[in-house]
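Chemist: Handing over structure_6.pdb, PDB, N, CA and C atoms.
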ATOM      1  N   THR P   1      -9.610  -9.849 -33.025
ATOM      2  CA  THR P   1      -8.967 -10.255 -31.789
ATOM      3  C   THR P   1      -9.090  -9.128 -30.788
ATOM      4  N   ALA P   2      -9.577  -9.441 -29.606
ATOM      5  CA  ALA P   2      -9.747  -8.433 -28.560
ATOM      6  C   ALA P   2      -8.491  -8.356 -27.708
ATOM      7  N   ALA P   3      -8.089  -7.160 -27.417
ATOM      8  CA  ALA P   3      -6.931  -6.953 -26.538
ATOM      9  C   ALA P   3      -7.387  -7.045 -25.085
ATOM     10  N   VAL P   4      -6.573  -7.656 -24.275
ATOM     11  CA  VAL P   4      -6.880  -7.757 -22.850
ATOM     12  C   VAL P   4      -6.173  -6.616 -22.141
ATOM     13  N   VAL P   5      -6.962  -5.809 -21.444
ATOM     14  CA  VAL P   5      -6.412  -4.665 -20.727
ATOM     15  C   VAL P   5      -6.733  -4.840 -19.250
ATOM     16  N   ALA P   6      -5.723  -4.790 -18.412
ATOM     17  CA  ALA P   6      -5.942  -4.906 -16.967
ATOM     18  C   ALA P   6      -6.518  -3.601 -16.443
ATOM     19  N   THR P   7      -7.490  -3.717 -15.553
ATOM     20  CA  THR P   7      -8.028  -2.515 -14.930
ATOM     21  C   THR P   7      -6.989  -1.947 -13.991
ATOM     22  N   PRO P   8      -7.030  -0.635 -13.714
ATOM     23  CA  PRO P   8      -6.042  -0.062 -12.790
ATOM     24  C   PRO P   8      -6.026  -0.766 -11.440
ATOM     25  N   ALA P   9      -7.190  -1.125 -10.907
ATOM     26  CA  ALA P   9      -7.229  -1.789  -9.602
ATOM     27  C   ALA P   9      -6.502  -3.120  -9.647
ATOM     28  N   LEU P  10      -6.744  -3.908 -10.680
ATOM     29  CA  LEU P  10      -6.081  -5.194 -10.804
ATOM     30  C   LEU P  10      -4.596  -5.006 -11.045
ATOM     31  N   ALA P  11      -4.243  -4.069 -11.891
ATOM     32  CA  ALA P  11      -2.833  -3.810 -12.179
ATOM     33  C   ALA P  11      -2.089  -3.422 -10.917
ATOM     34  N   ASN P  12      -2.698  -2.613 -10.060
ATOM     35  CA  ASN P  12      -2.024  -2.177  -8.848
ATOM     36  C   ASN P  12      -1.965  -3.282  -7.801
ATOM     37  N   GLU P  13      -2.948  -4.142  -7.787
ATOM     38  CA  GLU P  13      -2.878  -5.306  -6.899
ATOM     39  C   GLU P  13      -1.736  -6.215  -7.360
ATOM     40  N   GLU P  14      -1.582  -6.361  -8.651
ATOM     41  CA  GLU P  14      -0.477  -7.157  -9.179
ATOM     42  C   GLU P  14       0.863  -6.521  -8.833
ATOM     43  N   LEU P  15       0.925  -5.198  -8.852
ATOM     44  CA  LEU P  15       2.144  -4.484  -8.469
ATOM     45  C   LEU P  15       2.465  -4.765  -7.004
ATOM     46  N   ALA P  16       1.458  -4.808  -6.139
ATOM     47  CA  ALA P  16       1.663  -5.123  -4.722
ATOM     48  C   ALA P  16       2.222  -6.541  -4.581
ATOM     49  N   LYS P  17       1.685  -7.463  -5.353
ATOM     50  CA  LYS P  17       2.164  -8.848  -5.286
ATOM     51  C   LYS P  17       3.594  -8.947  -5.799
ATOM     52  N   LYS P  18       3.880  -8.231  -6.855
ATOM     53  CA  LYS P  18       5.218  -8.245  -7.450
ATOM     54  C   LYS P  18       6.251  -7.720  -6.459
ATOM     55  N   GLY P  19       5.896  -6.705  -5.707
ATOM     56  CA  GLY P  19       6.817  -6.109  -4.745
ATOM     57  C   GLY P  19       6.840  -6.830  -3.411
ATOM     58  N   ALA P  20       6.122  -7.917  -3.283
ATOM     59  CA  ALA P  20       6.078  -8.745  -2.076
ATOM     60  C   ALA P  20       5.338  -8.084  -0.918
ATOM     61  N   SER P  21       4.614  -7.011  -1.157
ATOM     62  CA  SER P  21       3.832  -6.371  -0.095
ATOM     63  C   SER P  21       2.789  -7.314   0.474
ATOM     64  N   THR P  22       2.293  -8.217  -0.365
ATOM     65  CA  THR P  22       1.232  -9.121   0.073
ATOM     66  C   THR P  22       1.743 -10.209   1.025
ATOM     67  N   ALA P  23       3.040 -10.271   1.245
ATOM     68  CA  ALA P  23       3.561 -11.192   2.252
ATOM     69  C   ALA P  23       3.169 -10.713   3.651
ATOM     70  N   CYS P  24       2.972  -9.409   3.806
ATOM     71  CA  CYS P  24       2.637  -8.831   5.113
ATOM     72  C   CYS P  24       1.283  -8.134   5.152
ATOM     73  N   HIS P  25       0.723  -7.807   3.998
ATOM     74  CA  HIS P  25      -0.534  -7.062   3.926
ATOM     75  C   HIS P  25      -1.531  -7.764   3.010
ATOM     76  N   ALA P  26      -2.799  -7.656   3.361
ATOM     77  CA  ALA P  26      -3.893  -8.136   2.514
ATOM     78  C   ALA P  26      -4.870  -6.982   2.339
ATOM     79  N   ILE P  27      -5.757  -7.099   1.383
ATOM     80  CA  ILE P  27      -6.718  -6.029   1.131
ATOM     81  C   ILE P  27      -7.649  -5.834   2.319
ATOM     82  N   ASP P  28      -8.203  -6.932   2.840
ATOM     83  CA  ASP P  28      -9.274  -6.779   3.825
ATOM     84  C   ASP P  28      -9.063  -7.497   5.153
ATOM     85  N   LYS P  29      -7.833  -7.954   5.419
ATOM     86  CA  LYS P  29      -7.575  -8.571   6.724
ATOM     87  C   LYS P  29      -6.133  -8.324   7.151
ATOM     88  N   LYS P  30      -5.943  -8.248   8.462
ATOM     89  CA  LYS P  30      -4.616  -8.044   9.017
ATOM     90  C   LYS P  30      -3.802  -9.311   8.839
ATOM     91  N   LEU P  31      -2.588  -9.170   8.382
ATOM     92  CA  LEU P  31      -1.638 -10.275   8.358
ATOM     93  C   LEU P  31      -0.545  -9.888   9.360
ATOM     94  N   VAL P  32       0.665  -9.670   8.909
ATOM     95  CA  VAL P  32       1.725  -9.149   9.769
ATOM     96  C   VAL P  32       1.471  -7.656   9.995
ATOM     97  N   GLY P  33       1.106  -6.978   8.920
ATOM     98  CA  GLY P  33       0.770  -5.558   8.973
ATOM     99  C   GLY P  33      -0.718  -5.366   8.745
ATOM    100  N   PRO P  34      -1.161  -4.128   8.788
ATOM    101  CA  PRO P  34      -2.596  -3.839   8.651
ATOM    102  C   PRO P  34      -3.125  -4.135   7.247
ATOM    103  N   ALA P  35      -4.433  -4.357   7.171
ATOM    104  CA  ALA P  35      -5.098  -4.515   5.881
ATOM    105  C   ALA P  35      -5.035  -3.189   5.133
ATOM    106  N   TYR P  36      -4.951  -3.265   3.825
ATOM    107  CA  TYR P  36      -4.940  -2.039   3.023
ATOM    108  C   TYR P  36      -6.188  -1.201   3.301
ATOM    109  N   LYS P  37      -7.327  -1.851   3.480
ATOM    110  CA  LYS P  37      -8.571  -1.120   3.760
ATOM    111  C   LYS P  37      -8.478  -0.361   5.082
ATOM    112  N   GLU P  38      -7.808  -0.918   6.073
ATOM    113  CA  GLU P  38      -7.640  -0.237   7.359
ATOM    114  C   GLU P  38      -6.727   0.979   7.219
ATOM    115  N   VAL P  39      -5.700   0.852   6.403
ATOM    116  CA  VAL P  39      -4.802   1.988   6.156
ATOM    117  C   VAL P  39      -5.596   3.114   5.498
ATOM    118  N   ALA P  40      -6.370   2.767   4.476
ATOM    119  CA  ALA P  40      -7.177   3.774   3.778
ATOM    120  C   ALA P  40      -8.164   4.443   4.736
ATOM    121  N   LYS P  41      -8.783   3.647   5.584
ATOM    122  CA  LYS P  41      -9.758   4.181   6.547
ATOM    123  C   LYS P  41      -9.085   5.122   7.547
ATOM    124  N   LYS P  42      -7.934   4.722   8.065
ATOM    125  CA  LYS P  42      -7.217   5.520   9.061
ATOM    126  C   LYS P  42      -6.833   6.893   8.520
ATOM    127  N   TYR P  43      -6.415   6.945   7.259
ATOM    128  CA  TYR P  43      -5.894   8.186   6.689
ATOM    129  C   TYR P  43      -6.870   8.911   5.771
ATOM    130  N   LYS P  44      -8.098   8.421   5.674
ATOM    131  CA  LYS P  44      -9.105   9.064   4.826
ATOM    132  C   LYS P  44      -9.276  10.526   5.231
ATOM    133  N   GLY P  45      -9.229  11.404   4.250
ATOM    134  CA  GLY P  45      -9.422  12.829   4.493
ATOM    135  C   GLY P  45      -8.174  13.569   4.951
ATOM    136  N   ASP P  46      -7.079  12.876   5.158
ATOM    137  CA  ASP P  46      -5.822  13.499   5.579
ATOM    138  C   ASP P  46      -5.035  13.902   4.335
ATOM    139  N   ALA P  47      -4.952  15.189   4.098
ATOM    140  CA  ALA P  47      -4.295  15.698   2.889
ATOM    141  C   ALA P  47      -2.805  15.346   2.835
ATOM    142  N   LYS P  48      -2.191  15.118   3.978
ATOM    143  CA  LYS P  48      -0.758  14.821   4.024
ATOM    144  C   LYS P  48      -0.463  13.324   3.999
ATOM    145  N   ALA P  49      -1.494  12.510   4.045
ATOM    146  CA  ALA P  49      -1.309  11.062   4.188
ATOM    147  C   ALA P  49      -0.549  10.434   3.028
ATOM    148  N   GLU P  50      -0.886  10.809   1.807
ATOM    149  CA  GLU P  50      -0.251  10.165   0.655
ATOM    150  C   GLU P  50       1.263  10.357   0.682
ATOM    151  N   ALA P  51       1.713  11.576   0.881
ATOM    152  CA  ALA P  51       3.156  11.843   0.920
ATOM    153  C   ALA P  51       3.818  11.113   2.088
ATOM    154  N   MET P  52       3.149  11.093   3.237
ATOM    155  CA  MET P  52       3.689  10.414   4.414
ATOM    156  C   MET P  52       3.799   8.912   4.164
ATOM    157  N   LEU P  53       2.770   8.328   3.558
ATOM    158  CA  LEU P  53       2.782   6.891   3.291
ATOM    159  C   LEU P  53       3.828   6.507   2.245
ATOM    160  N   ILE P  54       4.018   7.349   1.256
ATOM    161  CA  ILE P  54       5.060   7.089   0.258
ATOM    162  C   ILE P  54       6.416   7.003   0.948
ATOM    163  N   GLU P  55       6.703   7.948   1.834
ATOM    164  CA  GLU P  55       7.966   7.933   2.579
ATOM    165  C   GLU P  55       8.052   6.717   3.493
ATOM    166  N   LYS P  56       6.946   6.368   4.149
ATOM    167  CA  LYS P  56       6.911   5.219   5.064
ATOM    168  C   LYS P  56       7.190   3.921   4.310
ATOM    169  N   VAL P  57       6.576   3.758   3.137
ATOM    170  CA  VAL P  57       6.813   2.551   2.343
ATOM    171  C   VAL P  57       8.267   2.504   1.888
ATOM    172  N   LYS P  58       8.778   3.642   1.478
ATOM    173  CA  LYS P  58      10.143   3.726   0.969
ATOM    174  C   LYS P  58      11.175   3.439   2.060
ATOM    175  N   LYS P  59      11.009   4.074   3.232
ATOM    176  CA  LYS P  59      12.011   4.006   4.295
ATOM    177  C   LYS P  59      11.735   2.950   5.350
ATOM    178  N   GLY P  60      10.488   2.437   5.408
ATOM    179  CA  GLY P  60      10.129   1.483   6.446
ATOM    180  C   GLY P  60       9.781   2.213   7.739
ATOM    181  N   GLY P  61       9.461   1.470   8.766
ATOM    182  CA  GLY P  61       9.151   2.093  10.040
ATOM    183  C   GLY P  61       8.471   1.133  10.987
ATOM    184  N   THR P  62       8.142   1.636  12.162
ATOM    185  CA  THR P  62       7.473   0.849  13.189
ATOM    186  C   THR P  62       6.706   1.772  14.127
ATOM    187  N   GLY P  63       5.754   1.191  14.845
ATOM    188  CA  GLY P  63       5.075   1.937  15.887
ATOM    189  C   GLY P  63       3.675   2.410  15.583
ATOM    190  N   VAL P  64       3.318   2.626  14.342
ATOM    191  CA  VAL P  64       1.982   3.117  14.015
ATOM    192  C   VAL P  64       0.947   2.007  14.155
ATOM    193  N   TRP P  65       1.288   0.806  13.718
ATOM    194  CA  TRP P  65       0.359  -0.326  13.712
ATOM    195  C   TRP P  65       0.827  -1.440  14.648
ATOM    196  N   GLY P  66       1.755  -1.152  15.515
ATOM    197  CA  GLY P  66       2.303  -2.153  16.418
ATOM    198  C   GLY P  66       3.822  -2.127  16.358
ATOM    199  N   GLN P  67       4.427  -3.073  16.996
ATOM    200  CA  GLN P  67       5.891  -3.060  17.103
ATOM    201  C   GLN P  67       6.625  -3.865  16.035
ATOM    202  N   VAL P  68       5.899  -4.556  15.164
ATOM    203  CA  VAL P  68       6.555  -5.295  14.086
ATOM    204  C   VAL P  68       7.009  -4.290  13.030
ATOM    205  N   PRO P  69       8.303  -4.213  12.765
ATOM    206  CA  PRO P  69       8.787  -3.215  11.805
ATOM    207  C   PRO P  69       8.435  -3.557  10.356
ATOM    208  N   MET P  70       8.168  -2.518   9.581
ATOM    209  CA  MET P  70       8.013  -2.680   8.139
ATOM    210  C   MET P  70       9.381  -2.375   7.540
ATOM    211  N   PRO P  71       9.944  -3.305   6.785
ATOM    212  CA  PRO P  71      11.261  -3.053   6.202
ATOM    213  C   PRO P  71      11.199  -1.991   5.110
ATOM    214  N   PRO P  72      12.312  -1.324   4.862
ATOM    215  CA  PRO P  72      12.340  -0.335   3.780
ATOM    216  C   PRO P  72      12.183  -1.007   2.421
ATOM    217  N   ASN P  73      11.629  -0.263   1.501
ATOM    218  CA  ASN P  73      11.443  -0.723   0.124
ATOM    219  C   ASN P  73      12.189   0.195  -0.828
ATOM    220  N   SER P  74      13.421   0.517  -0.472
ATOM    221  CA  SER P  74      14.207   1.485  -1.237
ATOM    222  C   SER P  74      14.549   1.011  -2.642
ATOM    223  N   ALA P  75      14.483  -0.286  -2.910
ATOM    224  CA  ALA P  75      14.774  -0.790  -4.259
ATOM    225  C   ALA P  75      13.575  -0.684  -5.195
ATOM    226  N   VAL P  76      12.395  -0.409  -4.632
ATOM    227  CA  VAL P  76      11.187  -0.278  -5.453
ATOM    228  C   VAL P  76      11.182   1.126  -6.076
ATOM    229  N   PRO P  77      10.942   1.231  -7.370
ATOM    230  CA  PRO P  77      10.923   2.555  -8.008
ATOM    231  C   PRO P  77       9.879   3.482  -7.378
ATOM    232  N   ASP P  78      10.234   4.761  -7.257
ATOM    233  CA  ASP P  78       9.336   5.753  -6.661
ATOM    234  C   ASP P  78       7.967   5.772  -7.331
ATOM    235  N   ALA P  79       7.943   5.645  -8.646
ATOM    236  CA  ALA P  79       6.661   5.662  -9.371
ATOM    237  C   ALA P  79       5.782   4.493  -8.946
ATOM    238  N   ASP P  80       6.385   3.327  -8.719
ATOM    239  CA  ASP P  80       5.618   2.165  -8.265
ATOM    240  C   ASP P  80       5.082   2.378  -6.858
ATOM    241  N   ILE P  81       5.904   2.940  -5.982
ATOM    242  CA  ILE P  81       5.456   3.214  -4.612
ATOM    243  C   ILE P  81       4.288   4.196  -4.633
ATOM    244  N   LYS P  82       4.388   5.229  -5.433
ATOM    245  CA  LYS P  82       3.309   6.223  -5.522
ATOM    246  C   LYS P  82       2.024   5.568  -6.047
ATOM    247  N   THR P  83       2.145   4.740  -7.062
ATOM    248  CA  THR P  83       0.986   4.039  -7.611
ATOM    249  C   THR P  83       0.353   3.142  -6.554
ATOM    250  N   LEU P  84       1.181   2.413  -5.808
ATOM    251  CA  LEU P  84       0.668   1.529  -4.763
ATOM    252  C   LEU P  84      -0.044   2.299  -3.661
ATOM    253  N   VAL P  85       0.544   3.404  -3.224
ATOM    254  CA  VAL P  85      -0.077   4.200  -2.164
ATOM    255  C   VAL P  85      -1.415   4.762  -2.638
ATOM    256  N   LYS P  86      -1.483   5.245  -3.854
ATOM    257  CA  LYS P  86      -2.761   5.746  -4.387
ATOM    258  C   LYS P  86      -3.800   4.619  -4.412
ATOM    259  N   TRP P  87      -3.374   3.432  -4.821
ATOM    260  CA  TRP P  87      -4.273   2.288  -4.846
ATOM    261  C   TRP P  87      -4.736   1.915  -3.446
ATOM    262  N   ILE P  88      -3.815   1.867  -2.501
ATOM    263  CA  ILE P  88      -4.152   1.546  -1.118
ATOM    264  C   ILE P  88      -5.173   2.558  -0.590
ATOM    265  N   MET P  89      -4.930   3.836  -0.846
ATOM    266  CA  MET P  89      -5.837   4.888  -0.351
ATOM    267  C   MET P  89      -7.209   4.833  -1.017
ATOM    268  N   SER P  90      -7.324   4.143  -2.149
ATOM    269  CA  SER P  90      -8.616   4.033  -2.832
ATOM    270  C   SER P  90      -9.460   2.872  -2.306
ATOM    271  N   GLN P  91      -8.890   2.058  -1.433
ATOM    272  CA  GLN P  91      -9.624   0.901  -0.909
ATOM    273  C   GLN P  91     -10.760   1.361  -0.017
ATOM    274  N   LYS P  92     -11.893   0.691  -0.116
ATOM    275  CA  LYS P  92     -13.069   1.049   0.685
ATOM    276  C   LYS P  92     -13.579  -0.147   1.436
TER     277      LYS P  92
END
What does the file become when written as C-alpha coordinates?
Modeler:
Amino acid sequence: TAAVVATPALANEELAKKGASTACHAIDKKLVGPAYKEVAKKYKGDAKAEAMLIEKVKKGGTGVWGQVPMPPNSAVPDADIKTLVKWIMSQK
(Lines of atoms letter the chains of each structure in order from A and count residues from 1; the text may use other names and numbers.)
(Lines give C-alpha, C1' and ligand atoms only; values in the text may rest on other atoms or scores of the structure.)
Protein backbone atom coordinates (compact mmCIF):
# COMPACT_ATOMS: atom_id res chain seq x y z
CA THR A 1 0.00 0.00 0.00
CA ALA A 2 1.42 3.36 -1.03
CA ALA A 3 1.13 6.29 1.32
CA VAL A 4 -0.20 9.51 -0.14
CA VAL A 5 1.96 12.48 0.76
CA ALA A 6 0.92 16.02 -0.14
CA THR A 7 3.63 18.14 -1.69
CA PRO A 8 4.54 21.28 0.27
CA ALA A 9 3.04 23.49 -2.45
CA LEU A 10 -0.27 21.65 -2.37
CA ALA A 11 -0.29 21.48 1.41
CA ASN A 12 0.24 25.24 1.66
CA GLU A 13 -2.44 25.97 -0.91
CA GLU A 14 -4.78 23.85 1.20
CA LEU A 15 -3.72 25.86 4.26
CA ALA A 16 -4.68 29.06 2.38
CA LYS A 17 -8.08 27.58 1.58
CA LYS A 18 -8.57 26.41 5.15
CA GLY A 19 -7.86 29.90 6.47
CA ALA A 20 -10.27 31.47 3.96
CA SER A 21 -7.50 33.49 2.28
CA THR A 22 -8.78 32.28 -1.07
CA ALA A 23 -12.00 34.24 -0.56
CA CYS A 24 -9.98 37.38 -1.38
CA HIS A 25 -6.80 36.07 -3.06
CA ALA A 26 -6.01 33.70 -5.92
CA ILE A 27 -2.66 32.39 -7.11
CA ASP A 28 -2.61 34.11 -10.49
CA LYS A 29 -5.42 36.68 -10.64
CA LYS A 30 -6.66 39.63 -8.62
CA LEU A 31 -9.85 39.03 -6.69
CA VAL A 32 -10.60 41.42 -3.80
CA GLY A 33 -6.89 41.50 -3.00
CA PRO A 34 -3.82 40.94 -5.15
CA ALA A 35 -2.83 37.61 -6.67
CA TYR A 36 -0.26 35.69 -4.66
CA LYS A 37 2.05 35.83 -7.69
CA GLU A 38 1.82 39.65 -7.72
CA VAL A 39 2.70 39.79 -4.02
CA ALA A 40 5.72 37.56 -4.62
CA LYS A 41 6.79 39.68 -7.60
CA LYS A 42 6.41 42.98 -5.70
CA TYR A 43 8.55 41.82 -2.77
CA LYS A 44 11.07 39.63 -4.61
CA GLY A 45 14.57 40.32 -3.33
CA ASP A 46 13.36 42.33 -0.31
CA ALA A 47 15.05 40.79 2.72
CA LYS A 48 12.50 42.39 5.08
CA ALA A 49 9.42 41.34 3.11
CA GLU A 50 8.73 38.02 4.83
CA ALA A 51 8.64 39.51 8.33
CA MET A 52 6.57 42.48 7.11
CA LEU A 53 4.07 40.22 5.35
CA ILE A 54 3.71 37.96 8.38
CA GLU A 55 2.77 41.01 10.46
CA LYS A 56 0.46 42.31 7.70
CA VAL A 57 -1.40 38.99 7.48
CA LYS A 58 -1.64 38.78 11.26
CA LYS A 59 -2.78 42.38 11.90
CA GLY A 60 -4.50 43.24 8.61
CA GLY A 61 -4.11 46.55 6.83
CA THR A 62 -4.96 48.75 3.89
CA GLY A 63 -3.37 51.05 1.35
CA VAL A 64 -0.64 48.95 -0.27
CA TRP A 65 -2.88 47.32 -2.89
CA GLY A 66 -5.80 49.75 -2.78
CA GLN A 67 -8.32 50.93 -0.25
CA VAL A 68 -10.09 47.62 0.45
CA PRO A 69 -8.90 46.59 3.92
CA MET A 70 -7.48 43.16 4.64
CA PRO A 71 -8.95 41.97 7.94
CA PRO A 72 -6.65 40.73 10.69
CA ASN A 73 -6.00 37.01 10.96
CA SER A 74 -5.08 36.99 14.63
CA ALA A 75 -6.84 33.65 15.23
CA VAL A 76 -4.58 31.89 12.71
CA PRO A 77 -1.56 30.26 14.40
CA ASP A 78 1.75 32.08 13.81
CA ALA A 79 3.31 28.93 12.34
CA ASP A 80 0.53 28.73 9.74
CA ILE A 81 0.92 32.39 8.82
CA LYS A 82 4.68 31.93 8.40
CA THR A 83 4.15 28.84 6.24
CA LEU A 84 1.62 30.71 4.08
CA VAL A 85 3.88 33.73 3.61
CA LYS A 86 6.80 31.50 2.60
CA TRP A 87 4.52 29.75 0.12
CA ILE A 88 3.21 33.03 -1.27
CA MET A 89 6.77 34.33 -1.70
CA SER A 90 7.67 31.16 -3.62
CA GLN A 91 5.06 31.83 -6.32
CA LYS A 92 6.48 32.59 -9.76
Chemist: Between P:Val57, P:Val32, P:Ile27, P:Ala75, which has the minimum distance to Lys92 in chain P (counting only C-alpha atoms)?
Modeler: P:Ile27
Chemist: Taking only C-alpha atoms into account, name the residue in P:Leu31, P:Ala26, P:Met52, P:Ile81 that is nearest to Val68 in chain P.
Modeler: P:Leu31
Chemist: Figure out the distance between CA of Val64 in chain P and CA of Ala47 in chain P, please, to one decimal in Å.
Modeler: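 Spanning CA of Ala47 in chain P to CA of Val64 in chain P is a straight-line distance of 17.9 Å.
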Chemist: Run DSSP on the backbone and tell me which residues of range 10-87 of chain P come out as helix (DSSP H, G or I); list them as number ranges by chain.
Modeler: P: 10-18, 21-23, 36-43, 49-59, 78-87
Chemist: Please determine the residues with any atom at most 8 Å from (8.1, 5.2, 0.4) (coordinates as given in the file, with only N, CA and C atoms counting) and report them as an MDAnalysis selection string.
Modeler: chainID P and resid 51:60 72:74 78 81:82
Chemist: Pull the neighbourhood of (-7.2, 8.0, 4.2) for me: all residues within 12 Å in file coordinates, counting only C-alpha atoms, as number ranges by chain.
Modeler: P: 36-53, 85-92
Chemist: Rounded to one decimal place, report the atom N of Met70 in chain P-atom N of Gly19 in chain P distance in Å.
Modeler: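 Separation of atom N of Met70 in chain P and atom N of Gly19 in chain P: 16.0 Å.
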Chemist: Could you tell me how far CA of Pro71 in chain P sits from CA of Asn12 in chain P, in Å to one decimal place?
Modeler: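 Taking CA of Asn12 in chain P and CA of Pro71 in chain P, their separation equals 20.1 Å.
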Chemist: Run DSSP on the backbone and tell me which residues of chain P come out as strand (DSSP E or B); list them as a ChimeraX atom specification.
Modeler: /P:25,30,61,70
Chemist: Build an axis-aligned box that encloses every atom of range 56-71 of chain P listed in the file, pad it by 8 Å on each side, and report its centre and edge lengths in Å to one decimal, as AutoDock Vina command-line options.
Modeler:
--center_x 6.2 --center_y 0.5 --center_z 9.0 --size_x 27.7 --size_y 27.7 --size_z 32.1
Chemist: If I only have part of range 54-79 of chain P, can you fill in N, CA, C and O atoms and write it as an mmCIF file, in the frame of the given file?
Modeler:
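Saved to part-v1.cif:
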data_model
loop_
_atom_site.group_PDB
_atom_site.id
_atom_site.type_symbol
_atom_site.label_atom_id
_atom_site.label_comp_id
_atom_site.auth_asym_id
_atom_site.auth_seq_id
_atom_site.Cartn_x
_atom_site.Cartn_y
_atom_site.Cartn_z
ATOM 1 N N ILE P 54 4.018 7.349 1.256
ATOM 2 C CA ILE P 54 5.060 7.089 0.258
ATOM 3 C C ILE P 54 6.416 7.003 0.948
ATOM 4 O O ILE P 54 7.196 6.081 0.709
ATOM 5 N N GLU P 55 6.703 7.948 1.834
ATOM 6 C CA GLU P 55 7.966 7.933 2.579
ATOM 7 C C GLU P 55 8.052 6.717 3.493
ATOM 8 O O GLU P 55 9.103 6.088 3.618
ATOM 9 N N LYS P 56 6.946 6.368 4.149
ATOM 10 C CA LYS P 56 6.911 5.219 5.064
ATOM 11 C C LYS P 56 7.190 3.921 4.310
ATOM 12 O O LYS P 56 7.963 3.089 4.773
ATOM 13 N N VAL P 57 6.576 3.758 3.137
ATOM 14 C CA VAL P 57 6.813 2.551 2.343
ATOM 15 C C VAL P 57 8.267 2.504 1.888
ATOM 16 O O VAL P 57 8.916 1.465 1.944
ATOM 17 N N LYS P 58 8.778 3.642 1.478
ATOM 18 C CA LYS P 58 10.143 3.726 0.969
ATOM 19 C C LYS P 58 11.175 3.439 2.060
ATOM 20 O O LYS P 58 12.098 2.656 1.870
ATOM 21 N N LYS P 59 11.009 4.074 3.232
ATOM 22 C CA LYS P 59 12.011 4.006 4.295
ATOM 23 C C LYS P 59 11.735 2.950 5.350
ATOM 24 O O LYS P 59 12.615 2.622 6.139
ATOM 25 N N GLY P 60 10.488 2.437 5.408
ATOM 26 C CA GLY P 60 10.129 1.483 6.446
ATOM 27 C C GLY P 60 9.781 2.213 7.739
ATOM 28 O O GLY P 60 9.777 3.442 7.794
ATOM 29 N N GLY P 61 9.461 1.470 8.766
ATOM 30 C CA GLY P 61 9.151 2.093 10.040
ATOM 31 C C GLY P 61 8.471 1.133 10.987
ATOM 32 O O GLY P 61 8.237 -0.036 10.676
ATOM 33 N N THR P 62 8.142 1.636 12.162
ATOM 34 C CA THR P 62 7.473 0.849 13.189
ATOM 35 C C THR P 62 6.706 1.772 14.127
ATOM 36 O O THR P 62 6.962 2.967 14.166
ATOM 37 N N GLY P 63 5.754 1.191 14.845
ATOM 38 C CA GLY P 63 5.075 1.937 15.887
ATOM 39 C C GLY P 63 3.675 2.410 15.583
ATOM 40 O O GLY P 63 2.890 2.581 16.498
ATOM 41 N N VAL P 64 3.318 2.626 14.342
ATOM 42 C CA VAL P 64 1.982 3.117 14.015
ATOM 43 C C VAL P 64 0.947 2.007 14.155
ATOM 44 O O VAL P 64 -0.145 2.224 14.666
ATOM 45 N N TRP P 65 1.288 0.806 13.718
ATOM 46 C CA TRP P 65 0.359 -0.326 13.712
ATOM 47 C C TRP P 65 0.827 -1.440 14.648
ATOM 48 O O TRP P 65 0.352 -2.561 14.568
ATOM 49 N N GLY P 66 1.755 -1.152 15.515
ATOM 50 C CA GLY P 66 2.303 -2.153 16.418
ATOM 51 C C GLY P 66 3.822 -2.127 16.358
ATOM 52 O O GLY P 66 4.414 -1.257 15.723
ATOM 53 N N GLN P 67 4.427 -3.073 16.996
ATOM 54 C CA GLN P 67 5.891 -3.060 17.103
ATOM 55 C C GLN P 67 6.625 -3.865 16.035
ATOM 56 O O GLN P 67 7.850 -3.870 16.007
ATOM 57 N N VAL P 68 5.899 -4.556 15.164
ATOM 58 C CA VAL P 68 6.555 -5.295 14.086
ATOM 59 C C VAL P 68 7.009 -4.290 13.030
ATOM 60 O O VAL P 68 6.189 -3.550 12.486
ATOM 61 N N PRO P 69 8.303 -4.213 12.765
ATOM 62 C CA PRO P 69 8.787 -3.215 11.805
ATOM 63 C C PRO P 69 8.435 -3.557 10.356
ATOM 64 O O PRO P 69 8.384 -4.728 9.986
ATOM 65 N N MET P 70 8.168 -2.518 9.581
ATOM 66 C CA MET P 70 8.013 -2.680 8.139
ATOM 67 C C MET P 70 9.381 -2.375 7.540
ATOM 68 O O MET P 70 9.930 -1.290 7.776
ATOM 69 N N PRO P 71 9.944 -3.305 6.785
ATOM 70 C CA PRO P 71 11.261 -3.053 6.202
ATOM 71 C C PRO P 71 11.199 -1.991 5.110
ATOM 72 O O PRO P 71 10.146 -1.770 4.512
ATOM 73 N N PRO P 72 12.312 -1.324 4.862
ATOM 74 C CA PRO P 72 12.340 -0.335 3.780
ATOM 75 C C PRO P 72 12.183 -1.007 2.421
ATOM 76 O O PRO P 72 12.538 -2.167 2.246
ATOM 77 N N ASN P 73 11.629 -0.263 1.501
ATOM 78 C CA ASN P 73 11.443 -0.723 0.124
ATOM 79 C C ASN P 73 12.189 0.195 -0.828
ATOM 80 O O ASN P 73 11.667 0.604 -1.858
ATOM 81 N N SER P 74 13.421 0.517 -0.472
ATOM 82 C CA SER P 74 14.207 1.485 -1.237
ATOM 83 C C SER P 74 14.549 1.011 -2.642
ATOM 84 O O SER P 74 14.852 1.837 -3.506
ATOM 85 N N ALA P 75 14.483 -0.286 -2.910
ATOM 86 C CA ALA P 75 14.774 -0.790 -4.259
ATOM 87 C C ALA P 75 13.575 -0.684 -5.195
ATOM 88 O O ALA P 75 13.721 -0.825 -6.405
ATOM 89 N N VAL P 76 12.395 -0.409 -4.632
ATOM 90 C CA VAL P 76 11.187 -0.278 -5.453
ATOM 91 C C VAL P 76 11.182 1.126 -6.076
ATOM 92 O O VAL P 76 11.393 2.114 -5.366
ATOM 93 N N PRO P 77 10.942 1.231 -7.370
ATOM 94 C CA PRO P 77 10.923 2.555 -8.008
ATOM 95 C C PRO P 77 9.879 3.482 -7.378
ATOM 96 O O PRO P 77 8.787 3.045 -6.992
ATOM 97 N N ASP P 78 10.234 4.761 -7.257
ATOM 98 C CA ASP P 78 9.336 5.753 -6.661
ATOM 99 C C ASP P 78 7.967 5.772 -7.331
ATOM 100 O O ASP P 78 6.947 5.896 -6.659
ATOM 101 N N ALA P 79 7.943 5.645 -8.646
ATOM 102 C CA ALA P 79 6.661 5.662 -9.371
ATOM 103 C C ALA P 79 5.782 4.493 -8.946
ATOM 104 O O ALA P 79 4.565 4.640 -8.814
#
